[in-house]
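Below is one structure, written out as C-alpha cells, with a few remarks after it.
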Amino acid sequence: MAISEETEQFQGLASAIQKAKDLNDQVLFSHIKKIKCNNPLSFYQAGRERYAGERFFWEDPAKEITITGLGNVKKLKAASNAERYREVEKSWIKLQNDAVKTGVTDIEATGPLLYGGFSFDYETDSTLLWNQFGDNLFYIPAFMLSIVGKQAYLTTNLLCSPDDSEKLFIDMINEREAFLFESLDGNELGANSLVMQREVEPEEWKRTVAEAVQEIKTTDLDKIVLARELRLGFERSIDSGKVLEQLIAEQPLSYIFSLEAGGDCFVGATPERLIKKQGNEVFSTCLAGSMRRGKDEQEDVCLGEELLHDQKNLQEHQYVVSMISNAFDSVCEKVMVPAGPTLMKNRHIQHLYTPVRGISKEGVTIFEFVENLHPTPAMGGLPKEKAVVRIRELEGLERGFYAGPLGWVDTYGNGEFAVGIRSALIQNNEASLFAGCGVVEESTPESEFRETGIKFNPMLSALGGNLNE
Ligand SMILES: C=C(O[C@H]1C=CC=C(C(=O)O)[C@@H]1O)C(=O)O
Ligand SMILES: [Mg+2]
C-alpha cells in the first residue's frame, strides 16, 4: 500500500537525522512536491518580511525554468581566490552526496539547489558598496518554488544536525503552511519613486576610454570592457519585487534575476548566458557589439543591417566567439558554432548574437565551464588576464557582482549561469547601476559613452528613471 506524503516526509527526515548522527555531521533533507501555483512573484513577495535579505528570483528567457527561493538553510562562501569555483563546488558536492530526498525526485531545478554568484574579479577587496555580497555568495533556500515547463514544484529543505529531534518535522510543516497561506493571499507591490539620477564621473570615464584605445593601439591588449556607474535615489526603500515585475514585463528576452544579501539586493535583466548545462549538452552565448533600436520598424531594420556589417562591432564580437569556441573545444567532444552572427533585439538595444553549443566530455561540471569561461571578452577583454588587471587599475569603480557569473546548479548536475549585466545594486532607497562596453582599436569615447548610456535603460525604465537616447 502506498504511504501518505506526510509519512514519507516524516520517515525521510528521521533517516536524515539518523544519518547526521552516524556521520556526526550536518545532513540535508529535501522534500519536493507538485503544487498549483503560477505566480512566482507572489511567492517572492510572500517572503518579503519573514525572509528579508534571503530571497532570490531567476527566470530564463525561454521561460522554461523559473526559480524563487526564500530563506536559507545553508550559505556557501568560498575564499576570494582562483580556487573559489572549485571550493564552492566541493562544499556543494559534499552536501548533496549525503542528502536525503523524498517526494518527486527526478525533475531538474527542483530539490536541493544552489543559487548565487561570483563577483567579477576575485582580486578586488569589497568596499562598503558590495560588502554584503563579498567575493561570492550561494544559498540553499529553505523553501523554493520551481516552475519547470508549466508545472510548479515546492521544495522544502532542512539541514539536520546530529542532536536534532523529530520535532523539526512539526516546525517545518507549521512554517511552510504559514507562509504558503500568505503567498496565496495576494501581495500588493509598492511603486518605487525616483528623486535623484546622477552619472558618476562621466568626463573622467571618457578620458579612460581614450587612454585604453591608445593602449590597444600600442600594446598587445586587443580589447577591454570598461564600465561606468549611475546613481539613483528614491523617496522610499526600493521594493525588489516591484522591480522584478517591471523587468518581467519589459524584458521578455532576458534572464530576470535577483539575489538578496542582508539589506541589499542585486537585480537585473541580462540578455547574456554564460553557460547552461543539461545532461552533457552545453550552451553558451556570444553577445557583443551593440546598436540602439530604431524609432520605427524601418529605421530599426536599417540600424540592424548597419550593425551586422560594421567592422568595429564585428571585431568586438569575433573576439568573444573565438574565446568561447576555444574554451568549449578543450572540454567538449563536439562544438557547434554558426558561421556568423545574427541580431538579438531587446527593448532598448540590439546586439550581435552567436549561440555556441557543445557536447561536454564525461565528468566536466558546470563549475568548470564557469571557471574556464569567465570573464569572456564581452565582460573582460583580450588577453583575458591582462584585461582584468587593467580593468582593476583603470575603471575606478567596484564591479562587485556586476558582470560576474550568477545562476544555479541542481543535484543532477544541471544548471545555468548568466552574466550579471543590465543590473543594479539596490541599497534601501538608493541604487547603483552599471554598464560597460567593449573598447577596441576603433572605439571613440563619445560613442562608447552613448552605448553605455543605452545599456542603463533597461534598469532605468524598470526603476522609473529618465532614459538615455
Ligand atoms: C558589458 C555590457 O555589455 C556587454 C554585452 C553585450 C554587448 C557589449 C558591447 O557591445 O560592448 C558588452 O560587451 C553591459 O551591458 O554592461
Ligand atoms: Mg560595444
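By convention here, the chains of the C-alpha cells are called A, B, ... in the order presented, each chain's residues are numbered starting at 1, and ligands are numbered starting at 1 in the order presented.
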Return as a PyMOL selection string the residues of protein, DNA or RNA that approach ligand 2 to within 12 Å, with only C-alpha atoms and all ligand atoms taken into account. chain A and resi 223-227+287-292+307+310-320+349-352+377-379+381+435-445+447-455
Please report, as a PyMOL selection string, each residue of range 338-462 of chain A to which DSSP assigns alpha helix (DSSP H) when run on this structure's backbone. chain A and resi 366-373+384-394+445-462
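Note that CA of Tyr139 in chain A and CA of Trp92 in chain A are 10.3 Å apart.
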Restricting the calculation to only C-alpha atoms, which member of A:Asp410, A:Asp329, A:Asp25, A:Glu245 is positioned closest to Asn39 in chain A? A:Glu245
Find the spatial neighbours of Phe266 in chain A, counting only C-alpha atoms, within a cut-off of 10 Å - ignore same-chain residues fewer than 4 positions away - and output them as JSON, numbers by chain. {"A": [56, 130, 133, 240, 257, 258, 259, 260, 261, 400, 401, 402, 420, 423, 424, 425, 426, 427, 431, 432, 433]}
Shell of 12 Å around Lys295 in chain A, only C-alpha atoms, local chain residues under 5 positions omitted, as a PyMOL selection string: chain A and resi 300-303+347-349+469
Now that the selection is made, can you save its residues with C-alpha atoms as a compact mmCIF listing (two decimals), in the first residue's frame?
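The resulting file, part.txt, is reproduced below:
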# COMPACT_ATOMS: atom_id res chain seq x y z
CA ASP A 300 15.28 49.60 -36.73
CA VAL A 301 15.90 47.23 -39.66
CA CYS A 302 18.44 49.71 -41.15
CA LEU A 303 20.29 50.01 -37.84
CA ARG A 347 13.51 46.56 -25.89
CA HIS A 348 16.22 49.26 -25.69
CA ILE A 349 19.19 47.84 -27.62
CA GLU A 469 18.83 58.48 -26.11
Could you give me, as a ChimeraX atom specification, the residues within 9 Å of range 3-9 of chain A, counting only C-alpha atoms and dropping anything in the same chain fewer than 6 positions from it? /A:30-31,33,101-103,169
Write out as a list in words all residues of range 29-115 of chain A that backbone DSSP assigns to strand (DSSP E or B). Phe29, Ser30, His31, Ile32, Lys33, Lys34, Ile35, Arg55, Phe56, Phe57, Trp58, Glu59, Ile65, Thr66, Ile67, Thr68, Gly69, Leu70, Lys74, Lys75, Leu76, Val100, Lys101, Thr102, Gly103, Leu113, Leu114 and Tyr115 of chain A
Have a look at A:Arg357, A:Lys386, A:Lys150, A:Arg228 and name the one nearest to Glu203 in chain A; count only C-alpha atoms.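 The closest residue to Glu203 in chain A is A:Arg228.
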Pairwise distance for CA of Ala99 in chain A and CA of Ile275 in chain A, rounded to one decimal in Å: 25.7 Å
So that I can see what lies close to Val282 in chain A, please list as a PyMOL selection string the residues with an atom at most 9 Å from it, counting only C-alpha atoms and leaving out residues fewer than 2 positions away in the same chain. chain A and resi 275-280+284+328+332+356-360+366
Just-selected residues, N, CA and C atoms written as an mmCIF file, in the first residue's frame:
data_model
loop_
_atom_site.group_PDB
_atom_site.id
_atom_site.type_symbol
_atom_site.label_atom_id
_atom_site.label_comp_id
_atom_site.auth_asym_id
_atom_site.auth_seq_id
_atom_site.Cartn_x
_atom_site.Cartn_y
_atom_site.Cartn_z
ATOM 1 N N ILE A 275 26.735 30.040 -19.348
ATOM 2 C CA ILE A 275 26.725 28.603 -19.608
ATOM 3 C C ILE A 275 25.432 27.975 -19.102
ATOM 4 N N LYS A 276 24.885 27.090 -19.930
ATOM 5 C CA LYS A 276 23.771 26.262 -19.475
ATOM 6 C C LYS A 276 24.196 24.815 -19.679
ATOM 7 N N LYS A 277 23.940 23.976 -18.693
ATOM 8 C CA LYS A 277 24.291 22.562 -18.827
ATOM 9 C C LYS A 277 23.057 21.728 -18.513
ATOM 10 N N GLN A 278 22.710 20.862 -19.435
ATOM 11 C CA GLN A 278 21.556 19.987 -19.269
ATOM 12 C C GLN A 278 22.036 18.608 -19.693
ATOM 13 N N GLY A 279 22.274 17.727 -18.726
ATOM 14 C CA GLY A 279 22.940 16.460 -19.053
ATOM 15 C C GLY A 279 24.322 16.798 -19.585
ATOM 16 N N ASN A 280 24.684 16.218 -20.760
ATOM 17 C CA ASN A 280 26.001 16.568 -21.311
ATOM 18 C C ASN A 280 25.920 17.635 -22.412
ATOM 19 N N SER A 284 26.379 28.174 -24.675
ATOM 20 C CA SER A 284 26.851 29.486 -24.246
ATOM 21 C C SER A 284 26.393 30.518 -25.273
ATOM 22 N N PHE A 328 35.315 25.952 -25.176
ATOM 23 C CA PHE A 328 34.471 24.771 -25.361
ATOM 24 C C PHE A 328 35.296 23.611 -25.938
ATOM 25 N N CYS A 332 34.930 19.810 -24.565
ATOM 26 C CA CYS A 332 33.772 19.230 -25.256
ATOM 27 C C CYS A 332 34.196 18.207 -26.296
ATOM 28 N N VAL A 356 26.572 29.338 -29.014
ATOM 29 C CA VAL A 356 27.536 28.241 -29.156
ATOM 30 C C VAL A 356 26.981 27.039 -28.396
ATOM 31 N N ARG A 357 27.017 25.861 -29.064
ATOM 32 C CA ARG A 357 26.519 24.640 -28.406
ATOM 33 C C ARG A 357 27.618 23.604 -28.369
ATOM 34 N N GLY A 358 27.537 22.688 -27.429
ATOM 35 C CA GLY A 358 28.539 21.631 -27.375
ATOM 36 C C GLY A 358 28.028 20.406 -26.640
ATOM 37 N N ILE A 359 28.771 19.319 -26.815
ATOM 38 C CA ILE A 359 28.525 18.120 -26.009
ATOM 39 C C ILE A 359 29.753 17.992 -25.116
ATOM 40 N N SER A 360 29.523 18.099 -23.813
ATOM 41 C CA SER A 360 30.682 18.148 -22.917
ATOM 42 C C SER A 360 31.286 16.757 -22.740
ATOM 43 N N ILE A 366 29.543 21.992 -14.474
ATOM 44 C CA ILE A 366 29.179 23.366 -14.840
ATOM 45 C C ILE A 366 30.136 24.371 -14.191
#
Which of these residues is nearest to Ile173 in chain A, using only C-alpha atoms: A:Val331, A:Val209, A:Phe10, A:Glu229? A:Phe10
Within 10 Å of Gly71 in chain A, counting only C-alpha atoms, which residues show up once you throw out same-chain ones fewer than 2 positions away? Write them as a PyMOL selection string, please. chain A and resi 47+50-56+69+73-74+139-144+157
Output N, CA and C atoms for every residue in the selection just made, as a CSV table (one decimal), in the first residue's frame.
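As written to disk, result_0.csv reads:
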chain,number,residue,atom,x,y,z
A,47,GLY,N,7.5,36.3,1.0
A,47,GLY,CA,8.7,36.2,1.9
A,47,GLY,C,9.3,37.5,2.3
A,50,ARG,N,9.3,37.9,6.3
A,50,ARG,CA,9.8,36.7,7.0
A,50,ARG,C,11.2,36.3,6.5
A,51,TYR,N,11.4,36.5,5.3
A,51,TYR,CA,12.7,36.0,4.7
A,51,TYR,C,13.5,37.2,4.1
A,52,ALA,N,13.3,38.4,4.7
A,52,ALA,CA,14.0,39.6,4.1
A,52,ALA,C,15.5,39.4,4.1
A,53,GLY,N,16.1,39.7,3.0
A,53,GLY,CA,17.6,39.5,2.9
A,53,GLY,C,18.0,38.2,2.4
A,54,GLU,N,17.1,37.2,2.3
A,54,GLU,CA,17.4,35.9,1.9
A,54,GLU,C,16.5,35.3,0.8
A,55,ARG,N,16.2,36.2,-0.2
A,55,ARG,CA,15.3,35.7,-1.3
A,55,ARG,C,16.1,35.8,-2.6
A,56,PHE,N,15.7,35.0,-3.5
A,56,PHE,CA,16.2,35.1,-4.9
A,56,PHE,C,15.1,34.8,-5.9
A,69,GLY,N,13.4,31.5,-4.4
A,69,GLY,CA,13.9,30.9,-3.2
A,69,GLY,C,13.7,31.8,-2.0
A,73,VAL,N,19.0,27.6,4.3
A,73,VAL,CA,19.4,26.6,5.3
A,73,VAL,C,20.9,26.5,5.3
A,74,LYS,N,21.5,27.0,4.3
A,74,LYS,CA,23.0,26.9,4.3
A,74,LYS,C,23.5,28.0,3.3
A,139,TYR,N,23.3,30.4,-1.8
A,139,TYR,CA,22.3,29.9,-0.8
A,139,TYR,C,21.7,28.5,-1.2
A,140,ILE,N,21.4,27.7,-0.2
A,140,ILE,CA,20.5,26.6,-0.4
A,140,ILE,C,19.2,27.1,0.3
A,141,PRO,N,18.1,27.4,-0.4
A,141,PRO,CA,17.0,28.1,0.2
A,141,PRO,C,16.2,27.1,1.1
A,142,ALA,N,15.5,27.7,2.0
A,142,ALA,CA,14.6,26.9,2.9
A,142,ALA,C,13.4,26.4,2.1
A,143,PHE,N,12.8,27.3,1.4
A,143,PHE,CA,11.6,27.0,0.6
A,143,PHE,C,11.9,27.5,-0.8
A,144,MET,N,11.5,26.7,-1.8
A,144,MET,CA,11.8,27.1,-3.2
A,144,MET,C,10.6,26.7,-4.1
A,157,ASN,N,13.6,22.5,2.2
A,157,ASN,CA,14.9,22.0,2.6
A,157,ASN,C,15.1,22.1,4.1
Please determine, counting only C-alpha atoms and all ligand atoms, which residue among A:Thr342, A:Asn81, A:Thr285, A:Ser146 has the shortest atom-to-atom distance to ligand 1. A:Thr285
